[in-house]
>>> print(open('upload-v3.cif').read())   # mmCIF, C-alpha atoms
data_protein
#
loop_
_atom_site.label_atom_id
_atom_site.label_comp_id
_atom_site.auth_asym_id
_atom_site.auth_seq_id
_atom_site.Cartn_x
_atom_site.Cartn_y
_atom_site.Cartn_z
CA MET A 2 -2.39 -3.44 11.25
CA PHE A 3 -1.06 -0.18 12.70
CA ARG A 4 2.64 0.11 12.15
CA VAL A 5 5.60 2.40 11.84
CA SER A 6 8.16 0.99 9.45
CA ARG A 7 11.58 1.78 8.05
CA GLU A 8 10.88 -0.22 4.87
CA SER A 9 9.20 1.07 1.74
CA LEU A 10 5.44 0.64 1.88
CA ASN A 11 3.59 -2.16 0.12
CA LEU A 12 0.04 -1.04 -0.61
CA GLN A 13 -1.08 -4.51 -1.68
CA GLU A 14 -0.17 -5.85 1.75
CA LEU A 15 -2.57 -3.38 3.37
CA VAL A 16 -5.31 -4.09 0.83
CA ASP A 17 -4.94 -7.84 1.43
CA PHE A 18 -5.16 -7.20 5.16
CA VAL A 19 -8.48 -5.31 4.94
CA THR A 20 -10.01 -7.60 2.29
CA ASP A 21 -13.15 -9.10 3.78
CA PRO A 22 -16.08 -11.11 2.39
CA GLU A 23 -18.52 -8.66 4.00
CA ALA A 24 -16.85 -5.68 2.30
CA GLY A 25 -18.04 -4.13 -0.95
CA ALA A 26 -15.58 -1.25 -0.95
CA ILE A 27 -11.94 -0.60 -0.14
CA VAL A 28 -10.56 2.94 -0.09
CA THR A 29 -6.86 3.62 0.23
CA PHE A 30 -4.82 6.75 0.76
CA ILE A 31 -1.13 7.10 0.01
CA GLY A 32 0.89 10.15 0.93
CA THR A 33 3.77 10.65 -1.48
CA THR A 34 6.74 13.00 -1.47
CA ARG A 35 6.02 15.91 -3.81
CA ASN A 36 8.88 17.62 -5.63
CA ASN A 37 7.85 21.09 -4.43
CA ASN A 38 6.42 22.79 -1.36
CA GLU A 39 5.67 26.47 -0.79
CA GLY A 40 7.93 27.41 -3.67
CA ARG A 41 10.85 25.27 -2.54
CA ARG A 42 12.34 22.49 -4.64
CA VAL A 43 12.04 19.45 -2.44
CA ILE A 44 14.74 16.78 -2.61
CA ALA A 45 13.28 14.35 -0.06
CA LEU A 46 11.34 14.17 3.18
CA ASP A 47 12.94 12.61 6.22
CA TYR A 48 10.57 11.28 8.87
CA ASP A 49 11.26 10.80 12.56
CA ALA A 50 8.77 9.03 14.83
CA TYR A 51 8.23 8.15 18.45
CA ALA A 52 7.40 4.72 17.10
CA GLU A 53 5.84 2.96 20.12
CA MET A 54 3.49 5.86 20.83
CA ALA A 55 2.80 6.46 17.13
CA GLU A 56 1.58 2.88 16.73
CA LYS A 57 -0.61 3.30 19.79
CA GLU A 58 -2.08 6.51 18.32
CA LEU A 59 -2.66 4.85 14.95
CA SER A 60 -4.59 2.06 16.71
CA ARG A 61 -6.64 4.66 18.55
CA ILE A 62 -7.52 6.30 15.23
CA GLY A 63 -8.62 2.88 13.96
CA ALA A 64 -10.80 2.33 17.03
CA GLN A 65 -12.36 5.78 16.69
CA ALA A 66 -13.12 5.18 13.01
CA GLU A 67 -14.79 1.88 13.90
CA GLN A 68 -17.03 3.68 16.36
CA ARG A 69 -18.00 6.44 13.97
CA TRP A 70 -18.43 4.49 10.72
CA LYS A 71 -19.57 1.04 9.74
CA ILE A 72 -16.22 -0.25 8.56
CA ARG A 73 -14.86 -3.80 8.41
CA ARG A 74 -11.08 -3.39 8.75
CA MET A 75 -8.43 -0.70 8.70
CA ALA A 76 -4.67 -0.74 8.20
CA ILE A 77 -2.21 2.13 8.52
CA VAL A 78 1.54 1.99 7.96
CA HIS A 79 3.74 5.07 8.30
CA ARG A 80 7.28 5.12 7.14
CA VAL A 81 10.26 6.64 8.96
CA GLY A 82 13.59 7.67 7.50
CA PRO A 83 14.15 9.33 4.12
CA VAL A 84 11.33 9.17 1.56
CA GLN A 85 12.29 10.19 -1.98
CA ILE A 86 10.10 12.00 -4.53
CA THR A 87 7.10 9.84 -5.62
CA GLN A 88 7.75 7.37 -2.78
CA SER A 89 5.13 6.78 -0.09
CA SER A 90 5.35 8.05 3.47
CA VAL A 91 2.00 6.73 4.67
CA ALA A 92 -0.53 4.20 3.41
CA ILE A 93 -4.05 3.69 4.75
CA ALA A 94 -6.57 1.05 3.66
CA VAL A 95 -10.16 0.77 4.87
CA SER A 96 -12.81 -1.77 3.93
CA ALA A 97 -16.54 -1.39 4.49
CA ALA A 98 -19.78 -2.92 3.30
CA HIS A 99 -20.61 0.40 1.61
CA ARG A 100 -18.35 2.94 -0.04
CA ALA A 101 -19.45 6.07 1.85
CA ASP A 102 -18.16 4.64 5.13
CA ALA A 103 -14.86 3.57 3.56
CA PHE A 104 -14.26 7.02 2.02
CA GLU A 105 -15.14 8.93 5.17
CA ALA A 106 -13.16 6.72 7.54
CA CYS A 107 -10.10 6.87 5.27
CA ARG A 108 -10.26 10.65 5.09
CA PHE A 109 -10.73 10.86 8.85
CA ALA A 110 -7.66 8.68 9.40
CA ILE A 111 -5.28 10.85 7.40
CA GLU A 112 -6.62 14.05 8.97
CA GLU A 113 -6.13 12.59 12.47
CA ILE A 114 -2.65 11.30 11.65
CA LYS A 115 -1.63 14.83 10.80
CA LYS A 116 -3.01 16.13 14.10
CA THR A 117 -2.09 13.70 16.84
CA VAL A 118 0.44 11.04 15.86
CA PRO A 119 4.01 11.75 17.06
CA ILE A 120 5.69 11.67 13.67
CA TRP A 121 7.65 14.57 12.19
CA LYS A 122 8.81 15.35 8.71
CA LYS A 123 11.94 17.25 7.86
CA GLU A 124 11.84 18.71 4.40
CA VAL A 125 15.19 18.59 2.63
CA PHE A 126 15.08 21.15 -0.15
CA GLU A 127 17.54 22.84 -2.47
CA GLY A 128 19.33 25.24 -0.15
CA GLY A 129 18.40 23.89 3.26
CA GLU A 130 16.16 21.80 5.44
CA VAL A 131 13.29 22.48 7.82
CA TRP A 132 11.19 20.54 10.34
CA ILE A 133 7.67 21.13 9.06
CA GLY A 134 5.39 22.70 11.67
CA THR A 135 8.30 24.12 13.63
CA GLN A 136 9.44 27.60 12.75
CA SER A 137 13.00 27.23 11.60
CA GLY A 138 15.60 28.59 13.99
CA GLN A 139 13.05 29.53 16.62
CA PRO A 140 13.60 28.28 20.16
CA LEU A 141 11.08 25.95 21.74
CA SER A 142 9.15 26.13 24.96
CA PRO A 143 6.18 24.35 26.41
CA GLY A 144 2.52 25.10 25.79
CA LYS A 145 -0.10 25.10 28.54
CA MET B 12 -5.79 4.62 -18.34
CA PHE B 13 -9.49 3.95 -18.83
CA ARG B 14 -10.12 0.32 -19.53
CA VAL B 15 -12.58 -2.53 -19.43
CA SER B 16 -10.82 -5.82 -18.80
CA ARG B 17 -11.57 -9.51 -18.51
CA GLU B 18 -8.52 -10.08 -16.29
CA SER B 19 -8.36 -9.70 -12.54
CA LEU B 20 -7.45 -6.17 -11.51
CA ASN B 21 -3.98 -5.14 -10.42
CA LEU B 22 -4.22 -2.12 -8.12
CA GLN B 23 -0.48 -1.52 -8.13
CA GLU B 24 -0.55 -1.07 -11.90
CA LEU B 25 -3.05 1.78 -11.52
CA VAL B 26 -1.09 3.34 -8.66
CA ASP B 27 2.11 3.21 -10.71
CA PHE B 28 0.26 4.83 -13.60
CA VAL B 29 -0.91 7.83 -11.53
CA THR B 30 2.36 8.23 -9.60
CA ASP B 31 3.71 11.69 -10.35
CA PRO B 32 6.48 13.86 -8.90
CA GLU B 33 4.00 16.74 -8.50
CA ALA B 34 1.59 14.58 -6.49
CA GLY B 35 1.48 14.47 -2.71
CA ALA B 36 -1.57 12.20 -2.48
CA ILE B 37 -2.99 9.14 -4.20
CA VAL B 38 -6.48 7.91 -3.37
CA THR B 39 -7.80 4.61 -4.68
CA PHE B 40 -11.19 2.96 -4.64
CA ILE B 41 -11.79 -0.75 -5.15
CA GLY B 42 -15.24 -2.26 -5.49
CA THR B 43 -15.28 -5.83 -4.23
CA THR B 44 -17.91 -8.56 -4.39
CA ARG B 45 -19.69 -8.77 -1.03
CA ASN B 46 -21.06 -12.08 0.20
CA ASN B 47 -24.53 -10.65 0.84
CA ASN B 48 -26.96 -8.15 -0.64
CA GLU B 49 -30.45 -7.23 0.51
CA GLY B 50 -30.67 -10.40 2.57
CA ARG B 51 -29.50 -12.69 -0.23
CA ARG B 52 -26.42 -14.89 0.00
CA VAL B 53 -24.33 -13.80 -2.95
CA ILE B 54 -22.20 -16.39 -4.75
CA ALA B 55 -20.63 -14.08 -7.36
CA LEU B 56 -21.30 -11.05 -9.52
CA ASP B 57 -21.16 -11.40 -13.28
CA TYR B 58 -20.49 -8.21 -15.23
CA ASP B 59 -21.44 -7.45 -18.81
CA ALA B 60 -20.24 -4.29 -20.57
CA TYR B 61 -20.61 -2.42 -23.82
CA ALA B 62 -16.84 -2.21 -23.67
CA GLU B 63 -16.04 0.38 -26.39
CA MET B 64 -18.61 2.82 -25.08
CA ALA B 65 -17.78 2.07 -21.44
CA GLU B 66 -14.15 3.03 -22.03
CA LYS B 67 -15.27 6.23 -23.72
CA GLU B 68 -17.51 7.05 -20.75
CA LEU B 69 -14.71 6.32 -18.30
CA SER B 70 -12.45 8.75 -20.18
CA ARG B 71 -15.20 11.34 -20.06
CA ILE B 72 -15.43 10.92 -16.29
CA GLY B 73 -11.66 11.43 -16.11
CA ALA B 74 -11.88 14.60 -18.20
CA GLN B 75 -14.73 15.95 -16.06
CA ALA B 76 -12.77 15.24 -12.88
CA GLU B 77 -9.78 17.11 -14.30
CA GLN B 78 -11.97 20.13 -14.94
CA ARG B 79 -13.53 20.12 -11.50
CA TRP B 80 -10.54 19.31 -9.31
CA LYS B 81 -6.84 19.95 -9.36
CA ILE B 82 -5.71 16.41 -10.02
CA ARG B 83 -2.61 15.06 -11.71
CA ARG B 84 -3.64 11.69 -13.16
CA MET B 85 -6.51 9.24 -13.02
CA ALA B 86 -6.87 5.57 -13.92
CA ILE B 87 -10.01 3.44 -13.96
CA VAL B 88 -10.24 -0.24 -14.84
CA HIS B 89 -13.53 -2.12 -14.73
CA ARG B 90 -13.69 -5.85 -14.96
CA VAL B 91 -16.20 -7.91 -16.97
CA GLY B 92 -17.15 -11.55 -16.47
CA PRO B 93 -17.56 -13.32 -13.15
CA VAL B 94 -16.10 -11.69 -10.03
CA GLN B 95 -15.96 -13.91 -6.95
CA ILE B 96 -16.43 -12.83 -3.30
CA THR B 97 -13.58 -10.48 -2.15
CA GLN B 98 -12.38 -10.02 -5.75
CA SER B 99 -12.39 -6.58 -7.38
CA SER B 100 -14.84 -5.43 -10.03
CA VAL B 101 -13.56 -1.89 -10.39
CA ALA B 102 -10.40 -0.03 -9.39
CA ILE B 103 -9.86 3.73 -9.50
CA ALA B 104 -6.66 5.62 -8.69
CA VAL B 105 -6.28 9.40 -8.57
CA SER B 106 -3.20 11.47 -7.82
CA ALA B 107 -3.19 15.14 -6.85
CA ALA B 108 -0.88 17.68 -5.28
CA HIS B 109 -3.24 17.83 -2.28
CA ARG B 110 -5.36 15.14 -0.71
CA ALA B 111 -8.75 16.89 -0.75
CA ASP B 112 -8.76 16.92 -4.56
CA ALA B 113 -7.72 13.27 -4.77
CA PHE B 114 -10.45 12.16 -2.35
CA GLU B 115 -13.19 14.18 -4.02
CA ALA B 116 -12.28 13.22 -7.57
CA CYS B 117 -12.08 9.54 -6.65
CA ARG B 118 -15.49 9.65 -4.98
CA PHE B 119 -16.93 11.51 -7.97
CA ALA B 120 -15.57 8.86 -10.35
CA ILE B 121 -17.22 5.92 -8.63
CA GLU B 122 -20.54 7.77 -8.29
CA GLU B 123 -20.48 8.63 -12.02
CA ILE B 124 -19.54 5.09 -13.02
CA LYS B 125 -22.65 3.83 -11.28
CA LYS B 126 -24.80 6.37 -13.14
CA THR B 127 -23.66 6.54 -16.74
CA VAL B 128 -21.22 3.82 -17.78
CA PRO B 129 -22.81 0.97 -19.79
CA ILE B 130 -21.81 -1.87 -17.49
CA TRP B 131 -24.26 -4.23 -15.81
CA LYS B 132 -23.96 -6.62 -12.94
CA LYS B 133 -25.88 -9.82 -12.57
CA GLU B 134 -26.01 -11.04 -9.01
CA VAL B 135 -25.78 -14.80 -8.71
CA PHE B 136 -27.16 -15.74 -5.32
CA GLU B 137 -28.31 -18.88 -3.54
CA GLY B 138 -31.59 -19.66 -5.24
CA GLY B 139 -31.37 -17.52 -8.36
CA GLU B 140 -29.87 -14.62 -10.22
CA VAL B 141 -30.90 -11.06 -11.02
CA TRP B 142 -29.67 -8.19 -13.17
CA ILE B 143 -29.24 -5.38 -10.63
CA GLY B 144 -31.28 -2.29 -11.49
CA THR B 145 -33.73 -4.24 -13.64
CA GLN B 146 -36.80 -5.60 -11.93
CA SER B 147 -36.57 -9.33 -12.28
CA GLY B 148 -39.02 -10.87 -14.70
CA GLN B 149 -40.45 -7.52 -15.75
CA PRO B 150 -40.59 -6.73 -19.46
CA LEU B 151 -38.65 -3.79 -20.82
CA SER B 152 -39.69 -0.80 -22.84
CA PRO B 153 -38.12 2.50 -23.71
CA GLY B 154 -38.09 5.66 -21.62
CA LYS B 155 -38.64 9.11 -23.03
CA MET C 9 14.11 9.31 41.38
CA LYS C 10 15.05 8.74 37.76
CA VAL C 11 13.03 9.36 34.61
CA LYS C 12 13.95 8.75 31.01
CA VAL C 13 13.52 11.56 28.47
CA LYS C 14 13.47 10.79 24.75
CA PHE C 15 14.05 13.46 22.12
CA PHE C 16 12.68 13.42 18.59
CA ALA C 17 12.85 15.54 15.47
CA ILE C 18 14.00 19.10 16.10
CA LEU C 19 14.56 18.43 19.82
CA ARG C 20 16.80 15.48 19.04
CA GLU C 21 18.83 17.68 16.74
CA ARG C 22 19.11 20.52 19.29
CA VAL C 23 20.07 18.28 22.19
CA GLY C 24 22.37 16.24 20.00
CA LYS C 25 21.14 12.90 21.33
CA GLY C 26 17.98 10.82 21.45
CA GLU C 27 17.73 10.06 25.14
CA VAL C 28 18.82 11.24 28.58
CA VAL C 29 18.14 9.91 32.07
CA LYS C 30 17.36 12.66 34.59
CA GLU C 31 17.34 12.65 38.36
CA VAL C 32 14.26 14.59 39.56
CA ASP C 33 12.58 15.24 42.94
CA GLU C 34 9.39 13.52 44.07
CA GLY C 35 6.40 15.58 42.88
CA CYS C 36 8.19 16.99 39.86
CA THR C 37 5.80 17.80 36.98
CA VAL C 38 6.59 17.44 33.29
CA LYS C 39 6.58 21.21 32.96
CA GLU C 40 9.15 21.51 35.73
CA LEU C 41 11.24 18.80 34.07
CA TRP C 42 11.22 20.86 30.87
CA ALA C 43 12.53 23.88 32.79
CA THR C 44 15.40 21.77 34.14
CA LEU C 45 16.19 20.44 30.68
CA GLN C 46 16.36 23.95 29.32
CA LYS C 47 19.10 24.72 31.85
CA ASP C 48 21.03 21.57 30.83
CA HIS C 49 20.60 22.27 27.11
CA PRO C 50 20.57 26.00 26.38
CA LYS C 51 19.47 25.32 22.79
CA LEU C 52 16.10 24.23 24.19
CA ALA C 53 15.57 27.57 25.92
CA GLY C 54 13.67 30.49 24.50
CA ALA C 55 10.47 31.74 22.99
CA GLN C 56 7.04 30.23 22.55
CA THR C 57 6.46 27.24 20.26
CA ARG C 58 3.71 24.82 21.19
CA LEU C 59 4.96 21.60 22.76
CA LEU C 60 2.81 18.73 23.96
CA TYR C 61 3.82 16.26 26.66
CA ALA C 62 3.69 12.50 26.61
CA VAL C 63 4.38 10.21 29.55
CA ASN C 64 4.63 6.48 28.94
CA GLN C 65 3.21 7.00 25.44
CA ASP C 66 0.10 8.93 26.41
CA TYR C 67 -0.48 12.63 26.09
CA VAL C 68 -0.66 14.36 29.52
CA SER C 69 -1.03 17.94 30.72
CA GLY C 70 1.89 20.04 31.90
CA ASP C 71 1.10 19.56 35.60
CA HIS C 72 1.21 15.78 35.35
CA VAL C 73 3.38 14.50 38.25
CA LEU C 74 6.20 12.18 37.28
CA LYS C 75 6.91 8.77 38.78
CA GLU C 76 10.07 6.69 39.01
CA ARG C 77 11.13 5.31 35.59
CA ASP C 78 8.57 7.26 33.60
CA GLU C 79 9.35 7.71 29.90
CA VAL C 80 8.83 11.37 29.04
CA VAL C 81 8.64 12.88 25.57
CA PHE C 82 8.26 16.55 24.65
CA VAL C 83 6.28 16.60 21.44
CA PRO C 84 6.91 19.43 18.98
CA PRO C 85 4.11 20.09 16.43
CA VAL C 86 3.54 16.79 14.63
CA SER C 87 3.74 16.67 10.84
CA GLY C 88 3.25 13.06 9.80
CA GLY C 89 1.34 12.03 6.71
CA MET D 18 -30.60 0.71 -45.09
CA LYS D 19 -28.97 -1.50 -42.50
CA VAL D 20 -28.11 -0.80 -38.85
CA LYS D 21 -26.42 -3.02 -36.33
CA VAL D 22 -28.06 -3.57 -32.93
CA LYS D 23 -26.03 -4.93 -30.03
CA PHE D 24 -27.66 -6.42 -26.96
CA PHE D 25 -26.20 -6.48 -23.48
CA ALA D 26 -27.10 -7.82 -20.06
CA ILE D 27 -30.79 -8.63 -19.64
CA LEU D 28 -31.54 -7.76 -23.27
CA ARG D 29 -28.87 -10.13 -24.53
CA GLU D 30 -30.42 -12.88 -22.40
CA ARG D 31 -33.95 -12.17 -23.61
CA VAL D 32 -33.04 -11.97 -27.28
CA GLY D 33 -30.71 -14.94 -26.98
CA LYS D 34 -27.92 -13.31 -28.96
CA GLY D 35 -25.57 -10.33 -28.74
CA GLU D 36 -26.13 -8.73 -32.10
CA VAL D 37 -28.57 -8.43 -34.99
CA VAL D 38 -28.47 -6.51 -38.26
CA LYS D 39 -31.78 -4.83 -39.08
CA GLU D 40 -33.09 -3.38 -42.32
CA VAL D 41 -34.85 -0.06 -41.54
CA ASP D 42 -36.40 2.75 -43.60
CA GLU D 43 -34.75 6.13 -44.11
CA GLY D 44 -35.79 8.47 -41.31
CA CYS D 45 -36.30 5.68 -38.80
CA THR D 46 -35.69 6.82 -35.19
CA VAL D 47 -34.17 4.70 -32.45
CA LYS D 48 -37.54 4.58 -30.71
CA GLU D 49 -39.18 3.24 -33.86
CA LEU D 50 -36.39 0.68 -34.19
CA TRP D 51 -37.17 -0.50 -30.66
CA ALA D 52 -40.83 -0.99 -31.62
CA THR D 53 -39.75 -3.14 -34.58
CA LEU D 54 -37.44 -5.19 -32.39
CA GLN D 55 -40.24 -5.85 -29.94
CA LYS D 56 -42.23 -7.44 -32.77
CA ASP D 57 -39.25 -9.61 -33.76
CA HIS D 58 -38.53 -10.60 -30.16
CA PRO D 59 -41.73 -10.81 -28.11
CA LYS D 60 -39.71 -11.16 -24.91
CA LEU D 61 -38.68 -7.52 -25.33
CA ALA D 62 -42.31 -6.36 -25.36
CA GLY D 63 -44.22 -5.11 -22.33
CA ALA D 64 -44.38 -2.70 -19.43
CA GLN D 65 -42.32 0.32 -18.47
CA THR D 66 -38.66 -0.03 -17.46
CA ARG D 67 -36.34 2.84 -18.23
CA LEU D 68 -34.09 2.26 -21.24
CA LEU D 69 -31.54 4.70 -22.63
CA TYR D 70 -30.36 4.77 -26.22
CA ALA D 71 -26.83 4.84 -27.59
CA VAL D 72 -25.86 5.30 -31.22
CA ASN D 73 -22.23 4.84 -32.19
CA GLN D 74 -21.27 4.83 -28.52
CA ASP D 75 -22.92 8.08 -27.54
CA TYR D 76 -26.15 8.53 -25.65
CA VAL D 77 -28.93 9.98 -27.85
CA SER D 78 -32.61 10.80 -27.39
CA GLY D 79 -35.41 8.53 -28.63
CA ASP D 80 -36.14 10.66 -31.70
CA HIS D 81 -32.57 10.45 -32.97
CA VAL D 82 -32.72 9.52 -36.68
CA LEU D 83 -30.65 6.53 -37.74
CA LYS D 84 -28.14 6.43 -40.55
CA GLU D 85 -26.75 3.58 -42.62
CA ARG D 86 -24.44 1.30 -40.61
CA ASP D 87 -25.17 2.94 -37.26
CA GLU D 88 -24.41 0.83 -34.20
CA VAL D 89 -27.41 1.00 -31.88
CA VAL D 90 -27.54 -0.12 -28.25
CA PHE D 91 -30.55 -0.09 -25.94
CA VAL D 92 -29.18 0.54 -22.47
CA PRO D 93 -31.04 -0.97 -19.52
CA PRO D 94 -30.35 0.66 -16.12
CA VAL D 95 -26.58 0.51 -15.62
CA SER D 96 -25.17 -1.11 -12.49
CA GLY D 97 -21.40 -1.08 -12.80
CA GLY D 98 -19.06 -0.44 -9.91
#
>>> encode(input="upload-v3.cif", output="structure tokens")
Amino acid sequence: MFRVSRESLNLQELVDFVTDPEAGAIVTFIGTTRNNNEGRRVIALDYDAYAEMAEKELSRIGAQAEQRWKIRRMAIVHRVGPVQITQSSVAIAVSAAHRADAFEACRFAIEEIKKTVPIWKKEVFEGGEVWIGTQSGQPLSPGK
Amino acid sequence: MFRVSRESLNLQELVDFVTDPEAGAIVTFIGTTRNNNEGRRVIALDYDAYAEMAEKELSRIGAQAEQRWKIRRMAIVHRVGPVQITQSSVAIAVSAAHRADAFEACRFAIEEIKKTVPIWKKEVFEGGEVWIGTQSGQPLSPGK
Amino acid sequence: MKVKVKFFAILRERVGKGEVVKEVDEGCTVKELWATLQKDHPKLAGAQTRLLYAVNQDYVSGDHVLKERDEVVFVPPVSGG
Amino acid sequence: MKVKVKFFAILRERVGKGEVVKEVDEGCTVKELWATLQKDHPKLAGAQTRLLYAVNQDYVSGDHVLKERDEVVFVPPVSGG
């Protein structure tokens, strides 16, 4: 299950999806909107996604994790649209026979999501808003 | 929330407990009964606990984690009694401002549980049963 | 030939819409397409911020040659999670 | 004086009950209590398997001296999780 969704995330749905009789461990990660960032008072995060490609990239992360670790199943759902304080923007669940694999694959997944998946967060804070990762007000031009 | 319980575990309850406006990450671990172990076909695990002391030890693990990592909240619930295949024996949830702390503290908690908390699992498998960690049929005598 | 360009995040805001269809010459690369877009939308022009390129939902290099009906996305630094 | 001993897991099964109250002498250590219990319950006697000791829900060493009404638990290798 690799999905971009406008609805609020249901962790239990992911856990049910990865539940497996051969699994002895399930590790989950949830990213939640924090009320502060770099000294700013955050009101909400607002996510935009290139959804079709993002789902493809999430599947690729799942396939990579399966190659690197002995895992049973993985599920990732990323939300788009506004995500209020304490609400979840991303949920990952991984099952494995043994816990070390589940922990490492789950950690890998969130690190990769932050690197390669075409999803962007705009931070709405008291006094303004900013697309994270993009210097505010600076013009854009292509890399190599 | 550090608890030993006879009821089936509710992960969402733990996640709700650790949800915090200062947290950007929640990591959870669930231990589930696997259908096989060391070549045996497992039917169920049956947990016994010295409940009052186990809860004290779980709190101690929480306090240690708070000293070592920058976490917001932690919850651990361990089940006693029979736990069928795919069902959960233990659930841990940790929230933190940043994900590295949440991952490390959660991993620490499950490793410590397996070392110090007075809870024991009996594996019921096809053809017999065994208390894990105790050589079957061998008499017992004190250490140092 | 025609290609479709989709804009997301800060690019969507600067262009003021999520999608344009562009007429480009045979042999046009994604990097060349970007240069054309900067002329159409002056707010896209300017200094150096790392962009990646995706064509039909796969990352490609800047000298990737476009084909009829390709879906092109210029990917500002991602920040999901 | 009297102390309460609780049995769990494999010890509970071998003794056939979860709890006994034992009369012990002043100055009795947990290790000495274990020796007494082995006489009462021959199934507890025998070779070397690591046991830990807990008194009133804290781990203690074998030479910990018992007090009236202490709650004593002999802890076989734990296997929670």
>>> residues_around(input="upload-v3.cif", residues="segment 37-47 of chain C", least_positions_apart="5", cutoff="8 Å", atoms="only C-alpha atoms", output="number ranges by chain")
A: 143; C: 32, 52-53, 61, 70-74, 80
>>> resolve_selection(input="upload-v3.cif", expression="the PyMOL selection byres ((chain B and resi 65) around 12)", output="count of residues only")
40
>>> residues_around(input="upload-v3.cif", residues="Lys19 of chain D", least_positions_apart="3", cutoff="9 Å", atoms="only C-alpha atoms", output="ChimeraX atom specification")
/D:38-42,84-87
>>> resolve_selection(input="upload-v3.cif", expression="the PyMOL selection byres ((chain C and resi 14) around 9)", output="list in words")
Tyr51 of chain A; Lys12, Val13, Phe15, Phe16, Arg20, Lys25, Gly26, Glu27, Val28, Val29, Glu79, Val80, Val81 and Phe82 of chain C
>>> interface_residues(input="upload-v3.cif", of="chain B", to="chain A", cutoff="10 Å", atoms="only C-alpha atoms", output="PDB file with C-alpha atoms, in the frame of the given file")
ATOM      1  CA  ASN B  21      -3.980  -5.140 -10.420  1.00  0.00           C
ATOM      2  CA  LEU B  22      -4.220  -2.120  -8.120  1.00  0.00           C
ATOM      3  CA  GLN B  23      -0.480  -1.520  -8.130  1.00  0.00           C
ATOM      4  CA  VAL B  26      -1.090   3.340  -8.660  1.00  0.00           C
ATOM      5  CA  ASP B  27       2.110   3.210 -10.710  1.00  0.00           C
ATOM      6  CA  THR B  30       2.360   8.230  -9.600  1.00  0.00           C
ATOM      7  CA  ASP B  31       3.710  11.690 -10.350  1.00  0.00           C
ATOM      8  CA  PRO B  32       6.480  13.860  -8.900  1.00  0.00           C
ATOM      9  CA  GLU B  33       4.000  16.740  -8.500  1.00  0.00           C
ATOM     10  CA  ALA B  34       1.590  14.580  -6.490  1.00  0.00           C
ATOM     11  CA  GLY B  35       1.480  14.470  -2.710  1.00  0.00           C
ATOM     12  CA  ALA B  36      -1.570  12.200  -2.480  1.00  0.00           C
ATOM     13  CA  ILE B  37      -2.990   9.140  -4.200  1.00  0.00           C
ATOM     14  CA  VAL B  38      -6.480   7.910  -3.370  1.00  0.00           C
ATOM     15  CA  THR B  39      -7.800   4.610  -4.680  1.00  0.00           C
ATOM     16  CA  PHE B  40     -11.190   2.960  -4.640  1.00  0.00           C
ATOM     17  CA  ILE B  41     -11.790  -0.750  -5.150  1.00  0.00           C
ATOM     18  CA  GLY B  42     -15.240  -2.260  -5.490  1.00  0.00           C
ATOM     19  CA  THR B  43     -15.280  -5.830  -4.230  1.00  0.00           C
ATOM     20  CA  THR B  44     -17.910  -8.560  -4.390  1.00  0.00           C
ATOM     21  CA  ARG B  45     -19.690  -8.770  -1.030  1.00  0.00           C
ATOM     22  CA  ASN B  46     -21.060 -12.080   0.200  1.00  0.00           C
ATOM     23  CA  ASN B  47     -24.530 -10.650   0.840  1.00  0.00           C
ATOM     24  CA  ASN B  48     -26.960  -8.150  -0.640  1.00  0.00           C
ATOM     25  CA  GLN B  95     -15.960 -13.910  -6.950  1.00  0.00           C
ATOM     26  CA  ILE B  96     -16.430 -12.830  -3.300  1.00  0.00           C
ATOM     27  CA  THR B  97     -13.580 -10.480  -2.150  1.00  0.00           C
ATOM     28  CA  GLN B  98     -12.380 -10.020  -5.750  1.00  0.00           C
ATOM     29  CA  SER B  99     -12.390  -6.580  -7.380  1.00  0.00           C
ATOM     30  CA  SER B 100     -14.840  -5.430 -10.030  1.00  0.00           C
ATOM     31  CA  VAL B 101     -13.560  -1.890 -10.390  1.00  0.00           C
ATOM     32  CA  ALA B 102     -10.400  -0.030  -9.390  1.00  0.00           C
ATOM     33  CA  ILE B 103      -9.860   3.730  -9.500  1.00  0.00           C
ATOM     34  CA  ALA B 104      -6.660   5.620  -8.690  1.00  0.00           C
ATOM     35  CA  VAL B 105      -6.280   9.400  -8.570  1.00  0.00           C
ATOM     36  CA  SER B 106      -3.200  11.470  -7.820  1.00  0.00           C
ATOM     37  CA  ALA B 107      -3.190  15.140  -6.850  1.00  0.00           C
ATOM     38  CA  ALA B 108      -0.880  17.680  -5.280  1.00  0.00           C
ATOM     39  CA  HIS B 109      -3.240  17.830  -2.280  1.00  0.00           C
ATOM     40  CA  ARG B 110      -5.360  15.140  -0.710  1.00  0.00           C
ATOM     41  CA  ALA B 111      -8.750  16.890  -0.750  1.00  0.00           C
ATOM     42  CA  ALA B 113      -7.720  13.270  -4.770  1.00  0.00           C
ATOM     43  CA  PHE B 114     -10.450  12.160  -2.350  1.00  0.00           C
ATOM     44  CA  GLU B 115     -13.190  14.180  -4.020  1.00  0.00           C
ATOM     45  CA  CYS B 117     -12.080   9.540  -6.650  1.00  0.00           C
ATOM     46  CA  ARG B 118     -15.490   9.650  -4.980  1.00  0.00           C
ATOM     47  CA  ILE B 121     -17.220   5.920  -8.630  1.00  0.00           C
ATOM     48  CA  GLU B 122     -20.540   7.770  -8.290  1.00  0.00           C
TER      49      GLU B 122
END
>>> atom_distance(input="upload-v3.cif", atom1="atom CA of Trp142 of chain B", atom2="atom CA of Asp102 of chain A")
25.1 Å
